[in-house]
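Heads up, model_4.cif below (mmCIF, C-alpha atoms (C1' of nucleotides)):
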data_target
#
loop_
_atom_site.label_atom_id
_atom_site.label_comp_id
_atom_site.auth_asym_id
_atom_site.auth_seq_id
_atom_site.Cartn_x
_atom_site.Cartn_y
_atom_site.Cartn_z
CA MET A 21 0.72 33.70 5.52
CA ALA A 22 1.28 36.88 3.50
CA VAL A 23 4.78 35.78 2.54
CA LEU A 24 3.55 32.29 1.55
CA ALA A 25 0.68 33.65 -0.54
CA GLY A 26 2.64 36.48 -2.10
CA ARG A 27 6.12 35.16 -2.69
CA GLY A 28 5.80 31.39 -2.53
CA ALA A 29 7.00 28.64 -0.21
CA ASP A 30 10.68 29.28 -0.92
CA ALA A 31 10.32 32.78 0.50
CA VAL A 32 8.92 31.46 3.79
CA THR A 33 12.06 32.12 5.71
CA ILE A 34 12.90 33.64 9.06
CA ARG A 35 14.60 36.56 7.37
CA GLY A 36 11.81 36.93 4.82
CA ILE A 37 9.11 37.02 7.48
CA ALA A 38 11.10 39.45 9.60
CA ALA A 39 11.56 41.75 6.61
CA ARG A 40 7.83 41.58 5.86
CA VAL A 41 7.04 42.66 9.43
CA GLY A 42 9.77 45.30 9.28
CA VAL A 43 11.95 43.89 12.02
CA ALA A 44 15.40 42.36 12.44
CA PRO A 45 15.65 38.62 11.66
CA ASN A 46 16.47 37.59 15.19
CA ALA A 47 13.42 39.41 16.58
CA VAL A 48 11.36 36.43 15.33
CA TYR A 49 13.01 34.31 18.00
CA THR A 50 11.09 36.24 20.62
CA TYR A 51 7.92 34.51 19.42
CA PHE A 52 9.14 31.19 18.02
CA PRO A 53 11.92 28.91 19.28
CA ASP A 54 13.02 27.97 15.77
CA LYS A 55 11.90 27.81 12.14
CA ALA A 56 10.17 24.44 12.61
CA ALA A 57 7.81 26.07 15.11
CA VAL A 58 7.06 28.87 12.66
CA VAL A 59 6.13 26.41 9.91
CA ARG A 60 4.07 24.31 12.29
CA GLY A 61 2.17 27.42 13.32
CA LEU A 62 1.58 28.24 9.68
CA ALA A 63 0.21 24.78 8.92
CA GLU A 64 -1.98 25.00 11.99
CA HIS A 65 -3.38 28.29 10.78
CA LEU A 66 -4.11 26.80 7.35
CA LEU A 67 -6.00 23.89 8.93
CA GLY A 68 -7.96 26.37 11.02
CA ARG A 69 -9.45 27.70 7.78
CA VAL A 70 -11.05 24.31 7.13
CA ASP A 71 -14.70 24.43 8.07
CA HIS A 72 -14.80 20.82 9.26
CA ASP A 73 -18.12 21.13 11.12
CA ARG A 74 -19.80 21.28 7.73
CA PHE A 75 -18.98 17.58 7.26
CA THR A 76 -20.88 16.12 10.18
CA ASP A 77 -24.41 16.58 8.72
CA PRO A 78 -26.04 13.25 9.67
CA SER A 79 -28.61 13.48 6.86
CA GLN A 80 -25.85 12.97 4.28
CA PRO A 81 -24.50 9.53 3.36
CA ARG A 82 -21.29 8.77 5.24
CA ARG A 83 -19.32 8.13 2.07
CA GLU A 84 -20.38 11.52 0.77
CA LEU A 85 -19.15 13.20 3.95
CA VAL A 86 -15.75 11.50 3.89
CA ARG A 87 -15.33 12.32 0.22
CA ALA A 88 -16.29 15.96 0.72
CA LEU A 89 -13.95 16.41 3.69
CA ALA A 90 -11.07 14.79 1.82
CA LEU A 91 -11.67 17.06 -1.18
CA GLU A 92 -11.90 20.13 1.06
CA LEU A 93 -8.57 19.29 2.68
CA ARG A 94 -6.92 18.58 -0.67
CA THR A 95 -7.94 21.95 -2.08
CA LYS A 96 -7.44 24.11 1.03
CA LEU A 97 -4.18 22.62 2.26
CA PRO A 98 -1.85 23.86 -0.48
CA ALA A 99 -2.64 27.57 -0.51
CA HIS A 100 0.46 27.90 -2.65
CA PRO A 101 2.06 24.90 -4.42
CA GLY A 102 5.03 23.90 -2.35
CA SER A 103 3.44 24.68 0.99
CA VAL A 104 3.13 20.92 1.40
CA HIS A 105 6.85 20.63 1.04
CA LEU A 106 7.07 22.92 4.04
CA MET A 107 4.69 21.10 6.37
CA LEU A 108 5.93 17.69 5.25
CA GLY A 109 9.12 18.38 7.12
CA HIS A 110 7.32 19.76 10.15
CA PRO A 111 3.95 18.04 10.69
CA PRO A 112 1.37 20.16 12.52
CA ASP A 113 -0.05 18.97 15.85
CA GLY A 114 -2.00 21.91 17.25
CA PRO A 115 -5.68 22.16 18.21
CA HIS A 116 -6.96 22.80 14.66
CA THR A 117 -5.10 19.77 13.34
CA TRP A 118 -6.59 17.74 16.13
CA ALA A 119 -10.10 19.04 15.48
CA VAL A 120 -10.01 18.11 11.80
CA ARG A 121 -8.61 14.67 12.62
CA GLU A 122 -11.36 14.17 15.22
CA THR A 123 -14.08 15.09 12.73
CA LEU A 124 -12.77 12.62 10.16
CA LEU A 125 -12.48 9.88 12.79
CA ALA A 126 -16.02 10.56 13.98
CA VAL A 127 -17.50 10.28 10.49
CA LEU A 128 -15.58 7.07 9.86
CA ALA A 129 -16.70 5.60 13.17
CA ASP A 130 -20.23 6.70 12.35
CA ALA A 131 -19.93 4.82 9.06
CA GLY A 132 -19.43 1.64 11.07
CA LEU A 133 -15.65 1.32 11.32
CA GLY A 134 -14.19 0.07 14.58
CA PRO A 135 -11.74 2.38 16.41
CA GLY A 136 -8.66 0.66 15.06
CA ASP A 137 -9.95 0.55 11.52
CA ALA A 138 -11.09 4.17 11.71
CA ALA A 139 -7.61 5.25 12.79
CA ASP A 140 -6.00 3.28 9.97
CA ALA A 141 -8.54 4.63 7.46
CA SER A 142 -7.99 8.20 8.64
CA HIS A 143 -4.26 7.77 8.25
CA LEU A 144 -4.79 6.26 4.79
CA ILE A 145 -6.78 9.30 3.70
CA ASP A 146 -4.10 11.60 5.16
CA VAL A 147 -1.44 9.80 3.18
CA HIS A 148 -3.50 10.00 0.01
CA ILE A 149 -4.02 13.74 0.40
CA LEU A 150 -0.43 14.60 1.29
CA GLY A 151 1.01 12.19 -1.27
CA SER A 152 -1.20 13.53 -4.02
CA VAL A 153 -0.40 17.16 -3.33
CA ALA A 154 3.31 16.41 -2.93
CA VAL A 155 3.49 14.54 -6.23
CA GLU A 156 1.56 17.33 -7.92
CA ALA A 157 3.92 19.97 -6.54
CA ALA A 158 6.90 17.89 -7.63
CA ALA A 159 5.56 17.46 -11.15
CA GLY A 160 5.25 21.21 -11.53
CA PRO A 161 2.22 23.41 -12.02
CA GLU A 162 1.37 22.24 -15.55
CA GLY A 163 -0.37 18.97 -14.59
CA SER A 164 -2.52 20.39 -11.81
CA ALA A 165 -5.90 19.46 -13.33
CA VAL A 166 -4.75 15.90 -14.06
CA ALA A 167 -3.47 15.53 -10.50
CA ALA A 168 -6.80 16.67 -9.04
CA ALA A 169 -8.73 14.23 -11.25
CA ARG A 170 -6.40 11.40 -10.26
CA PHE A 171 -6.84 12.30 -6.62
CA ARG A 172 -10.60 11.93 -6.95
CA TRP A 173 -10.23 8.65 -8.88
CA GLY A 174 -7.87 7.24 -6.27
CA LEU A 175 -10.12 8.43 -3.46
CA GLU A 176 -12.99 6.40 -4.91
CA GLN A 177 -10.87 3.24 -5.10
CA LEU A 178 -9.84 3.83 -1.54
CA LEU A 179 -13.41 4.37 -0.38
CA ASP A 180 -14.41 1.19 -2.22
CA GLY A 181 -11.78 -0.68 -0.26
CA LEU A 182 -12.89 0.88 3.02
CA ALA A 183 -16.57 0.13 2.31
CA ALA A 184 -15.93 -3.53 3.17
CA TYR A 185 -15.04 -2.46 6.73
CA ALA A 186 -18.07 -0.24 7.11
CA VAL A 187 -20.77 -2.11 8.99
CA PRO A 188 -24.17 -0.44 8.43
CA ALA A 189 -25.49 1.53 11.40
CA GLY A 190 -27.73 -0.47 13.72
CA VAL A 191 -26.00 -3.74 12.93
CA GLU A 192 -24.08 -5.60 15.65
CA ARG A 193 -20.35 -5.22 15.40
CA PRO A 194 -17.45 -6.55 17.51
CA ALA A 195 -16.80 -4.67 20.73
CA PRO A 196 -13.90 -2.15 20.56
CA ARG A 197 -10.68 -3.67 21.88
CA MET B 174 25.09 7.81 -2.10
CA ALA B 175 27.84 7.59 0.50
CA VAL B 176 26.92 10.97 1.93
CA LEU B 177 23.21 10.06 2.05
CA ALA B 178 23.86 6.72 3.74
CA GLY B 179 26.50 7.99 6.11
CA ARG B 180 25.44 11.46 7.14
CA GLY B 181 21.75 11.67 6.26
CA ALA B 182 19.65 13.61 3.78
CA ASP B 183 20.51 16.98 5.31
CA ALA B 184 24.16 16.41 4.46
CA VAL B 185 23.37 15.80 0.79
CA THR B 186 24.69 19.11 -0.33
CA ILE B 187 26.90 20.30 -3.16
CA ARG B 188 29.58 21.27 -0.69
CA GLY B 189 29.19 18.06 1.29
CA ILE B 190 29.52 15.88 -1.79
CA ALA B 191 32.51 17.86 -3.03
CA ALA B 192 34.21 17.49 0.35
CA ARG B 193 33.54 13.74 0.32
CA VAL B 194 35.21 13.45 -3.11
CA GLY B 195 38.00 15.73 -1.98
CA VAL B 196 37.38 18.52 -4.44
CA ALA B 197 36.32 22.15 -4.44
CA PRO B 198 32.54 22.76 -4.26
CA ASN B 199 32.28 24.32 -7.69
CA ALA B 200 34.02 21.33 -9.32
CA VAL B 201 30.68 19.51 -9.02
CA TYR B 202 29.28 21.86 -11.65
CA THR B 203 31.49 20.19 -14.23
CA TYR B 204 29.26 17.12 -13.99
CA PHE B 205 25.85 18.51 -12.96
CA PRO B 206 24.16 21.74 -14.02
CA ASP B 207 22.67 22.32 -10.57
CA LYS B 208 21.69 20.62 -7.32
CA ALA B 209 18.32 19.46 -8.70
CA ALA B 210 20.17 17.38 -11.29
CA VAL B 211 22.37 15.84 -8.59
CA VAL B 212 19.33 14.80 -6.54
CA ARG B 213 17.54 13.47 -9.61
CA GLY B 214 20.60 11.38 -10.43
CA LEU B 215 20.63 10.08 -6.88
CA ALA B 216 16.98 9.07 -7.03
CA GLU B 217 17.57 7.41 -10.40
CA HIS B 218 20.42 5.40 -8.92
CA LEU B 219 18.22 4.31 -6.01
CA LEU B 220 15.50 3.11 -8.39
CA GLY B 221 18.13 1.22 -10.37
CA ARG B 222 18.67 -0.95 -7.29
CA VAL B 223 15.08 -2.18 -7.55
CA ASP B 224 15.03 -5.62 -9.15
CA HIS B 225 11.73 -5.05 -10.92
CA ASP B 226 12.07 -8.01 -13.31
CA ARG B 227 11.40 -10.23 -10.33
CA PHE B 228 7.79 -9.04 -10.35
CA THR B 229 6.72 -10.23 -13.76
CA ASP B 230 6.55 -13.97 -12.93
CA PRO B 231 3.31 -15.00 -14.72
CA SER B 232 2.76 -18.00 -12.42
CA GLN B 233 2.03 -15.66 -9.51
CA PRO B 234 -1.37 -14.06 -8.94
CA ARG B 235 -1.43 -10.51 -10.28
CA ARG B 236 -2.48 -9.02 -6.95
CA GLU B 237 0.49 -10.72 -5.32
CA LEU B 238 2.85 -9.18 -7.89
CA VAL B 239 1.50 -5.66 -7.49
CA ARG B 240 1.64 -5.97 -3.71
CA ALA B 241 5.21 -7.30 -3.76
CA LEU B 242 6.43 -4.57 -6.12
CA ALA B 243 4.78 -1.86 -4.04
CA LEU B 244 6.38 -3.24 -0.87
CA GLU B 245 9.78 -3.50 -2.57
CA LEU B 246 9.58 0.15 -3.63
CA ARG B 247 8.40 1.29 -0.22
CA THR B 248 11.33 -0.39 1.54
CA LYS B 249 14.08 0.34 -0.99
CA LEU B 250 13.18 3.92 -1.82
CA PRO B 251 14.07 5.57 1.48
CA ALA B 252 17.62 4.33 2.01
CA HIS B 253 17.79 6.93 4.73
CA PRO B 254 14.70 8.59 6.24
CA GLY B 255 14.42 11.98 4.63
CA SER B 256 15.68 10.90 1.23
CA VAL B 257 12.06 11.13 0.11
CA HIS B 258 12.06 14.75 1.16
CA LEU B 259 14.89 15.17 -1.31
CA MET B 260 13.34 13.51 -4.33
CA LEU B 261 9.91 14.96 -3.60
CA GLY B 262 11.24 18.30 -4.69
CA HIS B 263 13.00 16.87 -7.71
CA PRO B 264 11.10 13.89 -9.16
CA PRO B 265 13.27 11.41 -11.07
CA ASP B 266 12.59 10.77 -14.76
CA GLY B 267 15.55 8.70 -15.99
CA PRO B 268 15.62 5.23 -17.59
CA HIS B 269 15.44 3.31 -14.30
CA THR B 270 12.41 5.29 -13.18
CA TRP B 271 10.80 4.57 -16.52
CA ALA B 272 11.61 0.86 -16.35
CA VAL B 273 10.01 0.44 -12.93
CA ARG B 274 6.94 2.38 -14.04
CA GLU B 275 6.69 0.20 -17.17
CA THR B 276 6.84 -2.99 -15.11
CA LEU B 277 4.08 -1.83 -12.80
CA LEU B 278 1.92 -0.75 -15.74
CA ALA B 279 2.47 -4.11 -17.46
CA VAL B 280 1.39 -6.09 -14.40
CA LEU B 281 -1.69 -3.91 -13.98
CA ALA B 282 -2.60 -4.28 -17.64
CA ASP B 283 -2.03 -8.01 -17.31
CA ALA B 284 -4.44 -8.00 -14.38
CA GLY B 285 -7.11 -6.79 -16.75
CA LEU B 286 -7.04 -3.00 -16.34
CA GLY B 287 -7.51 -0.87 -19.43
CA PRO B 288 -4.68 1.52 -20.36
CA GLY B 289 -6.30 4.54 -18.77
CA ASP B 290 -7.20 2.70 -15.59
CA ALA B 291 -3.74 1.15 -15.40
CA ALA B 292 -2.13 4.60 -15.61
CA ASP B 293 -4.44 5.94 -12.90
CA ALA B 294 -3.83 2.88 -10.73
CA SER B 295 -0.06 3.14 -11.17
CA HIS B 296 -0.20 6.78 -10.15
CA LEU B 297 -2.38 5.88 -7.16
CA ILE B 298 0.20 3.36 -5.96
CA ASP B 299 2.97 5.92 -6.49
CA VAL B 300 1.09 8.43 -4.38
CA HIS B 301 0.50 5.88 -1.64
CA ILE B 302 4.18 4.92 -1.51
CA LEU B 303 5.52 8.47 -1.54
CA GLY B 304 2.83 9.75 0.80
CA SER B 305 3.41 6.96 3.27
CA VAL B 306 7.16 7.39 3.38
CA ALA B 307 6.85 11.16 3.56
CA VAL B 308 4.42 11.03 6.48
CA GLU B 309 6.64 8.49 8.21
CA ALA B 310 9.70 10.70 7.78
CA ALA B 311 7.73 13.71 9.05
CA ALA B 312 6.52 11.82 12.14
CA GLY B 313 10.08 11.00 13.10
CA PRO B 314 11.86 7.67 13.35
CA GLU B 315 9.96 6.40 16.39
CA GLY B 316 6.80 5.27 14.57
CA SER B 317 8.49 3.47 11.72
CA ALA B 318 6.99 0.03 12.38
CA VAL B 319 3.48 1.47 12.70
CA ALA B 320 3.92 3.38 9.45
CA ALA B 321 4.98 0.23 7.58
CA ALA B 322 2.00 -1.70 8.94
CA ARG B 323 -0.35 1.09 7.97
CA PHE B 324 1.17 1.17 4.51
CA ARG B 325 0.38 -2.51 4.05
CA TRP B 326 -3.13 -2.07 5.44
CA GLY B 327 -3.81 0.87 3.12
CA LEU B 328 -2.34 -1.02 0.19
CA GLU B 329 -4.87 -3.80 0.71
CA GLN B 330 -7.80 -1.34 0.76
CA LEU B 331 -6.44 0.20 -2.38
CA LEU B 332 -6.04 -3.18 -4.08
CA ASP B 333 -9.58 -4.06 -3.04
CA GLY B 334 -10.79 -0.91 -4.74
CA LEU B 335 -8.77 -1.66 -7.89
CA ALA B 336 -9.99 -5.27 -8.00
CA ALA B 337 -13.33 -4.04 -9.30
CA TYR B 338 -11.56 -2.71 -12.41
CA ALA B 339 -9.59 -5.88 -13.00
CA VAL B 340 -11.35 -7.94 -15.62
CA PRO B 341 -10.15 -11.58 -15.47
CA ALA B 342 -7.80 -12.59 -18.29
CA GLY B 343 -9.54 -14.06 -21.33
CA VAL B 344 -12.72 -12.09 -20.71
CA GLU B 345 -13.88 -9.48 -23.24
CA ARG B 346 -13.23 -5.93 -22.18
CA PRO B 347 -13.97 -2.58 -23.79
CA ALA B 348 -11.51 -1.51 -26.50
CA PRO B 349 -8.84 0.99 -25.32
CA ARG B 350 -9.83 4.58 -26.10
"C1'" DA C 87 9.37 41.55 27.08
"C1'" DC C 88 11.04 42.95 22.87
"C1'" DC C 89 14.23 44.64 19.78
"C1'" DT C 90 19.03 45.66 17.74
"C1'" DG C 91 23.88 44.99 15.53
"C1'" DA C 92 27.20 41.84 14.77
"C1'" DA C 93 28.76 37.59 14.10
"C1'" DC C 94 29.11 32.29 13.16
"C1'" DA C 95 28.68 28.48 10.41
"C1'" DC C 96 26.62 27.28 6.76
"C1'" DC C 97 24.15 27.17 1.77
"C1'" DG C 98 23.94 27.19 -4.00
"C1'" DT C 99 26.02 29.34 -7.66
"C1'" DT C 100 29.07 32.24 -10.66
"C1'" DC C 101 33.25 34.16 -12.47
"C1'" DA C 102 37.86 34.50 -13.88
"C1'" DA C 103 41.78 32.01 -14.06
"C1'" DG C 104 44.69 28.12 -14.39
"C1'" DT C 105 46.28 23.15 -16.47
"C1'" DA D 27 37.77 18.95 -19.87
"C1'" DC D 28 38.48 19.65 -15.24
"C1'" DC D 29 39.84 21.98 -11.35
"C1'" DT D 30 40.91 26.17 -8.27
"C1'" DG D 31 40.33 30.61 -5.30
"C1'" DA D 32 37.43 34.13 -4.46
"C1'" DA D 33 33.33 36.10 -4.25
"C1'" DC D 34 28.00 37.00 -4.16
"C1'" DA D 35 23.71 36.60 -2.26
"C1'" DC D 36 21.62 34.15 0.67
"C1'" DC D 37 20.31 30.88 4.98
"C1'" DG D 38 19.18 29.68 10.51
"C1'" DT D 39 20.76 30.79 14.82
"C1'" DT D 40 23.29 32.86 18.82
"C1'" DC D 41 25.25 36.39 21.69
"C1'" DA D 42 25.74 40.60 24.01
"C1'" DA D 43 23.67 44.72 24.54
"C1'" DG D 44 20.08 48.03 24.72
"C1'" DT D 45 14.98 49.86 26.20
#

Go through the file and emit its structure as structure tokens.
Amino acid sequence: MAVLAGRGADAVTIRGIAARVGVAPNAVYTYFPDKAAVVRGLAEHLLGRVDHDRFTDPSQPRRELVRALALELRTKLPAHPGSVHLMLGHPPDGPHTWAVRETLLAVLADAGLGPGDAADASHLIDVHILGSVAVEAAAGPEGSAVAAARFRWGLEQLLDGLAAYAVPAGVERPAPR
Amino acid sequence: MAVLAGRGADAVTIRGIAARVGVAPNAVYTYFPDKAAVVRGLAEHLLGRVDHDRFTDPSQPRRELVRALALELRTKLPAHPGSVHLMLGHPPDGPHTWAVRETLLAVLADAGLGPGDAADASHLIDVHILGSVAVEAAAGPEGSAVAAARFRWGLEQLLDGLAAYAVPAGVERPAPR
DNA sequence: ACCTGAACACCGTTCAAGT
DNA sequence: ACCTGAACACCGTTCAAGT
């Protein structure tokens, strides 16, 4: 985390981390089997910083909750530009990743989406977040404000599309397959 | 291109390309200033293979055209899984890239989107394509069919959202700002 | 269990030199 | 203009050895 924050994603390297800890490069292999595991652990730790419980407040409109969670992920995920490039190669799958995914799925299901639709919708939002950040990182740091605005614009279009699937609470809907 | 197709994205390397051509590694620097330029050229060449003129047929519904172009890009772009990982770091900006972008913008404008909305919508579709392929590549080759299906599903939600912005042809719309 | 030194097989890039 | 040999400053990873 210190290396990522201080010297950028390119410096996140086995040797760089080892140097930061003051240890020989191969000493890292005592704790991680390979670099992929290190990066996965890093992404997991980043997702652990997301306070996802905040987005289950049932007094808020569902659309508001989904929007807020998506925005939180989009802003917290890339601590440093280029960190996405790292975790794009090695997707996280630890408990924190799972917890965030569960929260999003729960809100979507609560909004009236069936299990299959909720899974597809969750994946769609994932893709939008990762794609947006990746394109922003690729374009360089100059168009960061534009990218954020376009993310929000796109998110609204996407939520509009999903709204058709959202059956209001209390209304009959088909049984889950 | 031969290296990418034959030995994967990881083998797309200055030294690998040089070896394939039968030349010393540094000879590549006669033609390209650095590796980023090589990858950009590669992405440009890939986009040149997209027959984007096919998607301007005015007899087809606009939504059909946008959908078809998006699907064409999604299938042609990653010749090999992981090629996205390459061009995500070095976004292409050559004439072919421009031509494809122009075609998409034209169809969107033709569908009744104002210039600003068309630009945002084009970017949204870009993000969805790149995000989808990137997530697929990250997940590994096993879930490729699922990823493609989810791309199409998400694309429909996205088109539903955009449909609200599409003023039918012949109808008055606000003057471009 | 945890660390080291040394090595292996790679990278991108540069430099000086040749034709 | 186009290529070479040699080198520099890096990588991830492994191996044998130490405590």

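Residues lying within 8 Å of stretch 96-105 of chain C, counting all atoms listed in the file and ignoring same-chain neighbours fewer than 6 positions away, are B:Ile187, B:Lys208, D:DT30, D:DC36, D:DC37.
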
Chain C contacts to chain A at 12 Å (all atoms listed in the file) as an MDAnalysis selection string: chainID C and resid 87:92

Expansion of the PyMOL selection byres ((chain B) within 8 of (chain A)) into residues, as a PyMOL selection string: chain B and resi 258+261-264+293-294+296-297+300-305+307-308+310-312+323-324+326-327+329-335

At a cut-off of 6 Å, using all atoms listed in the file, what residues contact stretch 131-133 of chain A? Leave out same-chain residues fewer than 6 positions from it and give the result as a compact mmCIF listing (two decimals) with C-alpha atoms, keeping the file's coordinate frame.
# COMPACT_ATOMS: atom_id res chain seq x y z
CA ARG A 82 -21.29 8.77 5.24
CA TYR A 185 -15.04 -2.46 6.73
CA ALA A 186 -18.07 -0.24 7.11
CA VAL A 187 -20.77 -2.11 8.99
CA PRO A 188 -24.17 -0.44 8.43

For the structure shown, which residues end up in the PyMOL selection byres ((chain A and resi 64-74) around 7)? Put them as a list in words, please? Arg60, Gly61, Leu62, Ala63, Phe75, Thr76, Asp77, Leu97, Pro112, Gly114, His116, Thr117, Val120 and Thr123 of chain A

Atoms to include: C-alpha atoms. Write the selected residues as an mmCIF file, keeping the file's coordinate frame.
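What follows is the written file again.cif:
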data_model
loop_
_atom_site.group_PDB
_atom_site.id
_atom_site.type_symbol
_atom_site.label_atom_id
_atom_site.label_comp_id
_atom_site.auth_asym_id
_atom_site.auth_seq_id
_atom_site.Cartn_x
_atom_site.Cartn_y
_atom_site.Cartn_z
ATOM 1 C CA ARG A 60 4.070 24.310 12.290
ATOM 2 C CA GLY A 61 2.170 27.420 13.320
ATOM 3 C CA LEU A 62 1.580 28.240 9.680
ATOM 4 C CA ALA A 63 0.210 24.780 8.920
ATOM 5 C CA PHE A 75 -18.980 17.580 7.260
ATOM 6 C CA THR A 76 -20.880 16.120 10.180
ATOM 7 C CA ASP A 77 -24.410 16.580 8.720
ATOM 8 C CA LEU A 97 -4.180 22.620 2.260
ATOM 9 C CA PRO A 112 1.370 20.160 12.520
ATOM 10 C CA GLY A 114 -2.000 21.910 17.250
ATOM 11 C CA HIS A 116 -6.960 22.800 14.660
ATOM 12 C CA THR A 117 -5.100 19.770 13.340
ATOM 13 C CA VAL A 120 -10.010 18.110 11.800
ATOM 14 C CA THR A 123 -14.080 15.090 12.730
#

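Separating atom CA of B:Ala209 from atom CA of B:Pro314 is a distance of 25.8 Å.
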
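In this model, the gap between atom CA of B:Thr248 and atom CA of B:Ala321 comes to 8.8 Å.
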